[in-house]
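> Right, I'll just put the structure down here and ask away after.
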Amino acid sequence: MIRMKSTRSFMFLICPIMVLIFLYYSSGRLHLRSPVQKSQADLDRLLYAGRVVASAIPPFQRRSSMSQMLSVELKLHLTQKISGEYDKQGFLTKLNRKLPLELQYKYGNLSKGECKPGYAEAKMTSIYPKFSKPAPMFLDPNFKRLSKISSYLPPFGVRTQEKIIDHILQVTKRYSLGSELDSISCKKCIIIGNGGILFNKSLGSQIDQYDVVIRLNEAPVAGFEKDVGSKTTMRITYPEGAIQKTERYEKSSLFVLSAFKPMDFKWLRHMVLDEKLRSMEGFWKSVARDVPREPEDIRILNPYFIQEAAFKFIGLPHHNGLMGRGNIPTLGTVAITMALHNCDEVAVAGFGYDMNTPHAPLHYYEKLMMSAIKESWTHNISKEKEFLRKLVKGGVIQDLTNGI
């Protein structure tokens with residue numbers, strides 16, 4: 001009797017293992033017939049096979065953790081097999097806008113133009129599996145709990161600036177888009193770049209259809225509504241990039257600071273408290289001396305988006321977490337990064353500089369030519385463009401002006 005039990009136990013163990021070996025080598029033969037490397041789908045199918053095998057092992061035998069061991073070993077082996085499909089930053093090397101089957105099923109029945117809940121996150125995760133959505137748009141009184149920014153100095157974090165940020169937040173008192181936008185379950189967002197490619201495109205009415213319209217620095221709206229729209233939800237900027245003539249501000253929008261240095265927080269405190277700015281020391285050019293916004297309309301952008309864009313998405317030099325040559329993303333890419341975490345659908349317009357057309361307008365609102373662009377000390381435009389092209393090619397964002 002004892003001998004029969006041990007034989008039965010042995011068969012319970014050996015049969016699932018034989019099934020696993022068969023599935024694994026069958027997959028290998030299929031692979032040899034195809035020149036294409038194993039895809040994530042192959043990994044998923046084999047992991048599923050591993051789970052089937054594990055489920056075939058009786059509960060009293062699973063206590064030995066053999067099923068877990070099989071699953072872990074299989075996953076490790078196959079992860080090594082498919083590692084060649086991803087670039088150094090973790091993006092798929094072969095990108096296309098076609099929806100994976102599971103997303104086709106999820107979004108296929110929606111009406112044309114209807115907002116797709118969670119679409120940007122789903123598409124981003126499909127081309128960049130390491131993507132994790134939770135990241136608040138603006139700093140709030142609990143910002144010290146955000147471990148991703150607590151150990152970095154500006155512009156990648158808040159270390160050494162906690163007290164002044166606390167003071168600013170106590171005065172502003174609001175830390176979201178506002179009740180009306182917060183209540184929208186599915187948000188379509190668009191980031192408007194300042195590129196000359198926007199000129200004479202007549203995209204204004206289309207831009208105004210988005211729930212959240214994000215503008216950058218001092219790019220004007222008045223007089224250019226036909227091309228850039230008239231709606232502004234927020235304007236993201238820093239002291240040197242902010243509008244200096246108060247009459248050029250929109251009547252209502254959020255003023256959002258993206259801080260690149262400690263001095264930027266001091267400047268914002270002066271703006272929030274409506275104090276006179278006495279010194280221009282610490283700025284690389286003249287800055288706005290007044291922001292015609294009430295404190296409750298002022299926000300601080302989460303610096304994690306600068307950090308993530310620079311080190312994870314683009315792959316800029318780390319420089320021990322300090323600002324250095326060529327490791328600061330442009331404000332446009334920072335804004336796109338923020339939108340990927342906080343919007344259901346993301347579009348852009350006015351992005352892209354074509355250096356092959358030196359006489360094309362640099363910005364939509366002035367006559368400065370493309371040839372005026374000089375090599376930037378802080379940005380790496382070519383590497384940044386590579387990242388943005390991945391987003392467009394992978395269908396994560398829509399480029400209305402086709403400049404990326």
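Letters A, B, ... mark the chains of the structure tokens in the order given; residue numbers begin at 1 per chain; ligand numbers begin at 1, in order shown.
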Determine which residues of stretch 102-209 of chain A receive a DSSP assignment of helix (DSSP H, G or I), computed from the backbone, and state them as a PyMOL selection string.

chain A and resi 102-107+119-127+143-145+147-150+162-172+179-182+196-198+204-207

> Would you put the residues from that selection into a file with N, CA and C atoms, as a CSV table (one decimal), in the first residue's frame?


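This went into part-v1.csv:
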```csv
chain,number,residue,atom,x,y,z
A,102,GLU,N,-6.2,42.7,-26.9
A,102,GLU,CA,-7.0,43.0,-25.7
A,102,GLU,C,-7.5,44.5,-25.7
A,103,LEU,N,-6.7,45.4,-26.3
A,103,LEU,CA,-7.2,46.8,-26.4
A,103,LEU,C,-8.2,47.0,-27.5
A,104,GLN,N,-8.1,46.2,-28.6
A,104,GLN,CA,-9.1,46.2,-29.6
A,104,GLN,C,-10.4,45.8,-29.0
A,105,TYR,N,-10.4,44.8,-28.2
A,105,TYR,CA,-11.7,44.4,-27.6
A,105,TYR,C,-12.2,45.4,-26.6
A,106,LYS,N,-11.3,46.1,-25.9
A,106,LYS,CA,-11.7,47.1,-24.8
A,106,LYS,C,-12.3,48.3,-25.5
A,107,TYR,N,-11.7,48.8,-26.6
A,107,TYR,CA,-12.0,50.1,-27.1
A,107,TYR,C,-12.8,50.0,-28.5
A,119,TYR,N,-6.7,54.9,-21.9
A,119,TYR,CA,-6.0,54.5,-23.2
A,119,TYR,C,-4.5,54.9,-23.2
A,120,ALA,N,-4.1,56.1,-22.8
A,120,ALA,CA,-2.7,56.4,-22.8
A,120,ALA,C,-1.9,55.5,-21.9
A,121,GLU,N,-2.4,55.2,-20.8
A,121,GLU,CA,-1.7,54.3,-19.9
A,121,GLU,C,-1.6,52.9,-20.5
A,122,ALA,N,-2.7,52.4,-21.1
A,122,ALA,CA,-2.6,51.0,-21.7
A,122,ALA,C,-1.6,51.0,-22.9
A,123,LYS,N,-1.7,52.0,-23.7
A,123,LYS,CA,-0.7,52.0,-24.9
A,123,LYS,C,0.7,52.2,-24.4
A,124,MET,N,0.9,53.1,-23.4
A,124,MET,CA,2.3,53.3,-22.9
A,124,MET,C,2.8,52.0,-22.3
A,125,THR,N,2.0,51.3,-21.5
A,125,THR,CA,2.4,50.1,-20.9
A,125,THR,C,2.7,49.0,-21.9
A,126,SER,N,2.0,49.0,-23.1
A,126,SER,CA,2.2,48.0,-24.1
A,126,SER,C,3.6,48.2,-24.8
A,127,ILE,N,4.1,49.4,-24.8
A,127,ILE,CA,5.4,49.6,-25.5
A,127,ILE,C,6.5,49.8,-24.5
A,143,PHE,N,3.4,66.1,0.0
A,143,PHE,CA,4.5,65.8,-1.0
A,143,PHE,C,5.7,65.2,-0.4
A,144,LYS,N,6.0,65.3,0.9
A,144,LYS,CA,7.2,64.7,1.5
A,144,LYS,C,7.1,63.2,1.5
A,145,ARG,N,5.9,62.7,1.3
A,145,ARG,CA,5.7,61.2,1.3
A,145,ARG,C,6.1,60.6,0.0
A,147,SER,N,8.4,59.4,-2.2
A,147,SER,CA,9.8,58.9,-2.1
A,147,SER,C,10.6,59.2,-3.4
A,148,LYS,N,10.0,59.2,-4.5
A,148,LYS,CA,10.7,59.4,-5.8
A,148,LYS,C,11.3,60.7,-5.9
A,149,ILE,N,10.8,61.7,-5.2
A,149,ILE,CA,11.4,63.1,-5.3
A,149,ILE,C,12.1,63.6,-4.1
A,150,SER,N,12.0,62.8,-3.0
A,150,SER,CA,12.5,63.3,-1.7
A,150,SER,C,14.0,63.3,-1.6
A,162,GLU,N,11.9,71.9,1.1
A,162,GLU,CA,10.6,71.5,1.8
A,162,GLU,C,9.9,72.6,2.5
A,163,LYS,N,10.7,73.4,3.2
A,163,LYS,CA,10.0,74.5,4.0
A,163,LYS,C,9.4,75.5,3.1
A,164,ILE,N,10.0,76.0,2.1
A,164,ILE,CA,9.4,77.0,1.3
A,164,ILE,C,8.3,76.5,0.5
A,165,ILE,N,8.3,75.2,0.1
A,165,ILE,CA,7.2,74.6,-0.6
A,165,ILE,C,6.0,74.5,0.3
A,166,ASP,N,6.3,74.1,1.6
A,166,ASP,CA,5.2,74.0,2.6
A,166,ASP,C,4.5,75.4,2.7
A,167,HIS,N,5.3,76.4,2.8
A,167,HIS,CA,4.8,77.8,2.9
A,167,HIS,C,3.9,78.2,1.7
A,168,ILE,N,4.4,77.9,0.5
A,168,ILE,CA,3.6,78.2,-0.7
A,168,ILE,C,2.3,77.5,-0.7
A,169,LEU,N,2.3,76.2,-0.4
A,169,LEU,CA,1.1,75.3,-0.4
A,169,LEU,C,0.1,75.8,0.6
A,170,GLN,N,0.6,76.3,1.8
A,170,GLN,CA,-0.3,76.8,2.8
A,170,GLN,C,-1.1,78.0,2.3
A,171,VAL,N,-0.5,78.7,1.4
A,171,VAL,CA,-1.2,79.9,0.9
A,171,VAL,C,-2.1,79.6,-0.3
A,172,THR,N,-1.6,78.7,-1.2
A,172,THR,CA,-2.4,78.4,-2.4
A,172,THR,C,-3.7,77.6,-2.1
A,179,SER,N,-12.6,71.3,-9.3
A,179,SER,CA,-13.8,70.4,-9.1
A,179,SER,C,-14.4,70.0,-10.5
A,180,GLU,N,-14.5,71.0,-11.4
A,180,GLU,CA,-15.2,70.7,-12.7
A,180,GLU,C,-14.4,69.6,-13.5
A,181,LEU,N,-13.1,69.8,-13.6
A,181,LEU,CA,-12.3,68.9,-14.4
A,181,LEU,C,-12.1,67.6,-13.6
A,182,ASP,N,-11.9,67.7,-12.3
A,182,ASP,CA,-11.7,66.5,-11.5
A,182,ASP,C,-12.9,65.5,-11.6
A,196,GLY,N,6.8,76.8,-35.0
A,196,GLY,CA,6.2,77.5,-36.2
A,196,GLY,C,5.4,76.6,-37.0
A,197,ILE,N,5.5,75.3,-36.8
A,197,ILE,CA,4.7,74.3,-37.6
A,197,ILE,C,3.2,74.5,-37.4
A,198,LEU,N,2.8,75.2,-36.3
A,198,LEU,CA,1.4,75.5,-36.0
A,198,LEU,C,0.8,76.6,-36.9
A,204,GLY,N,-7.3,75.6,-34.4
A,204,GLY,CA,-7.9,76.3,-33.2
A,204,GLY,C,-9.2,75.6,-32.7
A,205,SER,N,-10.1,75.4,-33.5
A,205,SER,CA,-11.4,74.8,-33.1
A,205,SER,C,-11.2,73.4,-32.6
A,206,GLN,N,-10.3,72.6,-33.2
A,206,GLN,CA,-10.1,71.3,-32.8
A,206,GLN,C,-9.4,71.2,-31.4
A,207,ILE,N,-8.5,72.1,-31.2
A,207,ILE,CA,-7.7,72.2,-30.0
A,207,ILE,C,-8.7,72.5,-28.8
```

> Applying 9 Å and only C-alpha atoms, which residues near A:Pro317 remain after dropping the ones on its own chain fewer than 5 positions away? List them as a count of residues only.

6

> As an MDAnalysis selection string, please: the residues near stretch 263-270 of chain A (cut-off 9 Å, only C-alpha atoms, same-chain neighbours under 4 positions excluded).

chainID A and resid 161 164:165 167:168 238:239 257:259 274:277 281:283 289:290

> Would you pick out the contacts of A:Ile404 at 10 Å or less, using only C-alpha atoms, so that residues sharing its chain but fewer than 4 positions from it are not included, and give the list as a PDB file with all heavy atoms, in the first residue's frame?


```
ATOM      1  N   VAL A 348      -0.688  66.176 -28.999  1.00  0.00           N
ATOM      2  CA  VAL A 348       0.216  67.329 -29.026  1.00  0.00           C
ATOM      3  C   VAL A 348       0.033  68.065 -30.354  1.00  0.00           C
ATOM      4  O   VAL A 348      -0.448  67.504 -31.334  1.00  0.00           O
ATOM      5  CB  VAL A 348       1.702  66.910 -28.856  1.00  0.00           C
ATOM      6  CG1 VAL A 348       1.927  66.201 -27.539  1.00  0.00           C
ATOM      7  CG2 VAL A 348       2.159  66.031 -30.023  1.00  0.00           C
ATOM      8  N   ALA A 349       0.430  69.318 -30.359  1.00  0.00           N
ATOM      9  CA  ALA A 349       0.457  70.120 -31.589  1.00  0.00           C
ATOM     10  C   ALA A 349       1.555  71.168 -31.422  1.00  0.00           C
ATOM     11  O   ALA A 349       1.802  71.658 -30.320  1.00  0.00           O
ATOM     12  CB  ALA A 349      -0.889  70.805 -31.828  1.00  0.00           C
ATOM     13  N   GLY A 350       2.241  71.478 -32.523  1.00  0.00           N
ATOM     14  CA  GLY A 350       3.290  72.493 -32.450  1.00  0.00           C
ATOM     15  C   GLY A 350       4.618  71.977 -31.948  1.00  0.00           C
ATOM     16  O   GLY A 350       5.463  72.755 -31.506  1.00  0.00           O
ATOM     17  N   PHE A 351       4.847  70.663 -32.026  1.00  0.00           N
ATOM     18  CA  PHE A 351       6.119  70.081 -31.595  1.00  0.00           C
ATOM     19  C   PHE A 351       6.959  69.726 -32.820  1.00  0.00           C
ATOM     20  O   PHE A 351       6.426  69.342 -33.860  1.00  0.00           O
ATOM     21  CB  PHE A 351       5.881  68.808 -30.775  1.00  0.00           C
ATOM     22  CG  PHE A 351       5.569  69.071 -29.330  1.00  0.00           C
ATOM     23  CD1 PHE A 351       4.332  69.558 -28.966  1.00  0.00           C
ATOM     24  CD2 PHE A 351       6.513  68.834 -28.342  1.00  0.00           C
ATOM     25  CE1 PHE A 351       4.028  69.801 -27.641  1.00  0.00           C
ATOM     26  CE2 PHE A 351       6.226  69.072 -27.008  1.00  0.00           C
ATOM     27  CZ  PHE A 351       4.972  69.565 -26.654  1.00  0.00           C
ATOM     28  N   GLY A 352       8.269  69.835 -32.658  1.00  0.00           N
ATOM     29  CA  GLY A 352       9.188  69.399 -33.702  1.00  0.00           C
ATOM     30  C   GLY A 352       9.895  70.541 -34.395  1.00  0.00           C
ATOM     31  O   GLY A 352       9.260  71.477 -34.883  1.00  0.00           O
ATOM     32  N   TYR A 353      11.224  70.469 -34.399  1.00  0.00           N
ATOM     33  CA  TYR A 353      12.048  71.438 -35.114  1.00  0.00           C
ATOM     34  C   TYR A 353      12.734  70.732 -36.280  1.00  0.00           C
ATOM     35  O   TYR A 353      13.432  69.735 -36.092  1.00  0.00           O
ATOM     36  CB  TYR A 353      13.106  72.042 -34.191  1.00  0.00           C
ATOM     37  CG  TYR A 353      12.536  72.855 -33.052  1.00  0.00           C
ATOM     38  CD1 TYR A 353      12.738  72.474 -31.734  1.00  0.00           C
ATOM     39  CD2 TYR A 353      11.794  74.010 -33.302  1.00  0.00           C
ATOM     40  CE1 TYR A 353      12.214  73.224 -30.680  1.00  0.00           C
ATOM     41  CE2 TYR A 353      11.263  74.756 -32.263  1.00  0.00           C
ATOM     42  CZ  TYR A 353      11.480  74.363 -30.960  1.00  0.00           C
ATOM     43  OH  TYR A 353      10.958  75.107 -29.937  1.00  0.00           O
ATOM     44  N   ASP A 354      12.526  71.224 -37.479  1.00  0.00           N
ATOM     45  CA  ASP A 354      13.158  70.645 -38.661  1.00  0.00           C
ATOM     46  C   ASP A 354      14.366  71.490 -39.041  1.00  0.00           C
ATOM     47  O   ASP A 354      14.245  72.545 -39.666  1.00  0.00           O
ATOM     48  CB  ASP A 354      12.157  70.587 -39.819  1.00  0.00           C
ATOM     49  CG  ASP A 354      12.724  69.857 -41.031  1.00  0.00           C
ATOM     50  OD1 ASP A 354      13.896  69.420 -40.961  1.00  0.00           O
ATOM     51  OD2 ASP A 354      12.004  69.726 -42.028  1.00  0.00           O
ATOM     52  N   LYS A 385      13.950  63.807 -29.194  1.00  0.00           N
ATOM     53  CA  LYS A 385      13.109  63.545 -30.360  1.00  0.00           C
ATOM     54  C   LYS A 385      12.927  62.044 -30.563  1.00  0.00           C
ATOM     55  O   LYS A 385      11.847  61.589 -30.961  1.00  0.00           O
ATOM     56  CB  LYS A 385      13.717  64.193 -31.603  1.00  0.00           C
ATOM     57  CG  LYS A 385      12.749  64.316 -32.765  1.00  0.00           C
ATOM     58  CD  LYS A 385      13.267  65.275 -33.818  1.00  0.00           C
ATOM     59  CE  LYS A 385      12.218  65.519 -34.901  1.00  0.00           C
ATOM     60  NZ  LYS A 385      12.660  66.518 -35.893  1.00  0.00           N
ATOM     61  N   GLU A 386      13.967  61.259 -30.290  1.00  0.00           N
ATOM     62  CA  GLU A 386      13.861  59.800 -30.388  1.00  0.00           C
ATOM     63  C   GLU A 386      12.757  59.283 -29.478  1.00  0.00           C
ATOM     64  O   GLU A 386      11.952  58.430 -29.866  1.00  0.00           O
ATOM     65  CB  GLU A 386      15.192  59.146 -29.993  1.00  0.00           C
ATOM     66  CG  GLU A 386      16.284  59.228 -31.037  1.00  0.00           C
ATOM     67  CD  GLU A 386      17.570  58.603 -30.537  1.00  0.00           C
ATOM     68  OE1 GLU A 386      17.500  57.738 -29.619  1.00  0.00           O
ATOM     69  OE2 GLU A 386      18.644  58.972 -31.026  1.00  0.00           O
ATOM     70  N   PHE A 387      12.713  59.815 -28.254  1.00  0.00           N
ATOM     71  CA  PHE A 387      11.685  59.396 -27.294  1.00  0.00           C
ATOM     72  C   PHE A 387      10.288  59.761 -27.777  1.00  0.00           C
ATOM     73  O   PHE A 387       9.377  58.935 -27.769  1.00  0.00           O
ATOM     74  CB  PHE A 387      11.966  60.032 -25.928  1.00  0.00           C
ATOM     75  CG  PHE A 387      10.778  60.047 -25.009  1.00  0.00           C
ATOM     76  CD1 PHE A 387      10.163  58.863 -24.625  1.00  0.00           C
ATOM     77  CD2 PHE A 387      10.268  61.244 -24.523  1.00  0.00           C
ATOM     78  CE1 PHE A 387       9.059  58.871 -23.777  1.00  0.00           C
ATOM     79  CE2 PHE A 387       9.176  61.271 -23.684  1.00  0.00           C
ATOM     80  CZ  PHE A 387       8.561  60.079 -23.305  1.00  0.00           C
ATOM     81  N   LEU A 388      10.128  61.006 -28.229  1.00  0.00           N
ATOM     82  CA  LEU A 388       8.811  61.455 -28.682  1.00  0.00           C
ATOM     83  C   LEU A 388       8.342  60.656 -29.901  1.00  0.00           C
ATOM     84  O   LEU A 388       7.151  60.362 -30.043  1.00  0.00           O
ATOM     85  CB  LEU A 388       8.840  62.953 -28.996  1.00  0.00           C
ATOM     86  CG  LEU A 388       9.113  63.876 -27.802  1.00  0.00           C
ATOM     87  CD1 LEU A 388       9.104  65.331 -28.241  1.00  0.00           C
ATOM     88  CD2 LEU A 388       8.096  63.652 -26.690  1.00  0.00           C
ATOM     89  N   ARG A 389       9.278  60.288 -30.762  1.00  0.00           N
ATOM     90  CA  ARG A 389       8.911  59.485 -31.935  1.00  0.00           C
ATOM     91  C   ARG A 389       8.417  58.099 -31.514  1.00  0.00           C
ATOM     92  O   ARG A 389       7.545  57.518 -32.166  1.00  0.00           O
ATOM     93  CB  ARG A 389      10.106  59.363 -32.881  1.00  0.00           C
ATOM     94  CG  ARG A 389      10.292  60.595 -33.755  1.00  0.00           C
ATOM     95  CD  ARG A 389      11.518  60.486 -34.644  1.00  0.00           C
ATOM     96  NE  ARG A 389      11.565  61.578 -35.604  1.00  0.00           N
ATOM     97  CZ  ARG A 389      12.635  61.897 -36.328  1.00  0.00           C
ATOM     98  NH1 ARG A 389      13.750  61.188 -36.174  1.00  0.00           N
ATOM     99  NH2 ARG A 389      12.602  62.895 -37.182  1.00  0.00           N
ATOM    100  N   LYS A 390       8.984  57.560 -30.448  1.00  0.00           N
ATOM    101  CA  LYS A 390       8.496  56.278 -29.935  1.00  0.00           C
ATOM    102  C   LYS A 390       7.033  56.399 -29.510  1.00  0.00           C
ATOM    103  O   LYS A 390       6.221  55.501 -29.786  1.00  0.00           O
ATOM    104  CB  LYS A 390       9.342  55.827 -28.742  1.00  0.00           C
ATOM    105  CG  LYS A 390      10.772  55.443 -29.073  1.00  0.00           C
ATOM    106  CD  LYS A 390      11.563  55.189 -27.798  1.00  0.00           C
ATOM    107  CE  LYS A 390      13.055  55.036 -28.083  1.00  0.00           C
ATOM    108  NZ  LYS A 390      13.838  54.902 -26.842  1.00  0.00           N
ATOM    109  N   LEU A 391       6.700  57.496 -28.848  1.00  0.00           N
ATOM    110  CA  LEU A 391       5.322  57.692 -28.390  1.00  0.00           C
ATOM    111  C   LEU A 391       4.352  57.806 -29.562  1.00  0.00           C
ATOM    112  O   LEU A 391       3.249  57.264 -29.526  1.00  0.00           O
ATOM    113  CB  LEU A 391       5.225  58.947 -27.520  1.00  0.00           C
ATOM    114  CG  LEU A 391       6.016  58.959 -26.215  1.00  0.00           C
ATOM    115  CD1 LEU A 391       5.708  60.233 -25.423  1.00  0.00           C
ATOM    116  CD2 LEU A 391       5.718  57.730 -25.363  1.00  0.00           C
ATOM    117  N   VAL A 392       4.785  58.523 -30.606  1.00  0.00           N
ATOM    118  CA  VAL A 392       3.916  58.699 -31.785  1.00  0.00           C
ATOM    119  C   VAL A 392       3.804  57.388 -32.554  1.00  0.00           C
ATOM    120  O   VAL A 392       2.707  56.950 -32.911  1.00  0.00           O
ATOM    121  CB  VAL A 392       4.452  59.826 -32.691  1.00  0.00           C
ATOM    122  CG1 VAL A 392       3.650  59.893 -33.983  1.00  0.00           C
ATOM    123  CG2 VAL A 392       4.384  61.167 -31.964  1.00  0.00           C
ATOM    124  N   LYS A 393       4.947  56.735 -32.803  1.00  0.00           N
ATOM    125  CA  LYS A 393       4.952  55.507 -33.580  1.00  0.00           C
ATOM    126  C   LYS A 393       4.191  54.397 -32.858  1.00  0.00           C
ATOM    127  O   LYS A 393       3.540  53.557 -33.492  1.00  0.00           O
ATOM    128  CB  LYS A 393       6.395  55.066 -33.857  1.00  0.00           C
ATOM    129  CG  LYS A 393       6.507  53.999 -34.934  1.00  0.00           C
ATOM    130  CD  LYS A 393       7.958  53.740 -35.301  1.00  0.00           C
ATOM    131  CE  LYS A 393       8.054  52.685 -36.408  1.00  0.00           C
ATOM    132  NZ  LYS A 393       9.466  52.416 -36.776  1.00  0.00           N
ATOM    133  N   ASP A 399      -0.056  63.249 -32.749  1.00  0.00           N
ATOM    134  CA  ASP A 399       0.615  64.491 -33.140  1.00  0.00           C
ATOM    135  C   ASP A 399      -0.210  65.181 -34.233  1.00  0.00           C
ATOM    136  O   ASP A 399      -0.151  64.781 -35.394  1.00  0.00           O
ATOM    137  CB  ASP A 399       2.026  64.189 -33.632  1.00  0.00           C
ATOM    138  CG  ASP A 399       2.802  65.429 -34.037  1.00  0.00           C
ATOM    139  OD1 ASP A 399       2.308  66.546 -33.754  1.00  0.00           O
ATOM    140  OD2 ASP A 399       3.877  65.293 -34.645  1.00  0.00           O
ATOM    141  N   LEU A 400      -0.959  66.216 -33.870  1.00  0.00           N
ATOM    142  CA  LEU A 400      -1.867  66.863 -34.818  1.00  0.00           C
ATOM    143  C   LEU A 400      -1.133  67.596 -35.937  1.00  0.00           C
ATOM    144  O   LEU A 400      -1.686  67.789 -37.026  1.00  0.00           O
ATOM    145  CB  LEU A 400      -2.786  67.841 -34.088  1.00  0.00           C
ATOM    146  CG  LEU A 400      -3.693  67.272 -32.991  1.00  0.00           C
ATOM    147  CD1 LEU A 400      -4.688  68.336 -32.544  1.00  0.00           C
ATOM    148  CD2 LEU A 400      -4.427  66.030 -33.448  1.00  0.00           C
TER     149      LEU A 400
END
```

> In Å, with one decimal, what is the gap from atom CA of A:Pro220 to atom CA of A:Ala242?

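A separation of 11.0 Å between them.
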
> With only C-alpha atoms as the basis for distance, which of A:Asn380, A:Tyr365, A:Thr93, A:Lys261 is at the shortest distance from A:Gly223?

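That would be A:Tyr365, the residue with the smallest distance to A:Gly223.
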
> May I ask which of the residues A:Asn194, A:Asn142, A:Ser185, A:Gln89 is the closest one to A:Lys116, counting only C-alpha atoms?

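Going through A:Asn194, A:Asn142, A:Ser185, A:Gln89 one by one, the smallest distance to A:Lys116 is for A:Ser185.
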
> Which residues come within 12 Å of A:Met323, counting only C-alpha atoms, excluding same-chain residues fewer than 3 positions away, as number ranges by chain?

A: 152-157, 259-262, 306-307, 310-311, 316-320, 326-329, 377-379

> Let me make sure I understand: among A:Gly332, A:Pro129, A:Pro303, A:Pro292, which one has the smallest atom-to-atom distance to A:Lys251 if we use only C-alpha atoms?

A:Pro292

> Just how far from atom CA of A:Gly193 is atom CA of A:Arg248, in Å to one decimal?

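Straight-line distance from atom CA of A:Arg248 to atom CA of A:Gly193 works out to 17.6 Å.
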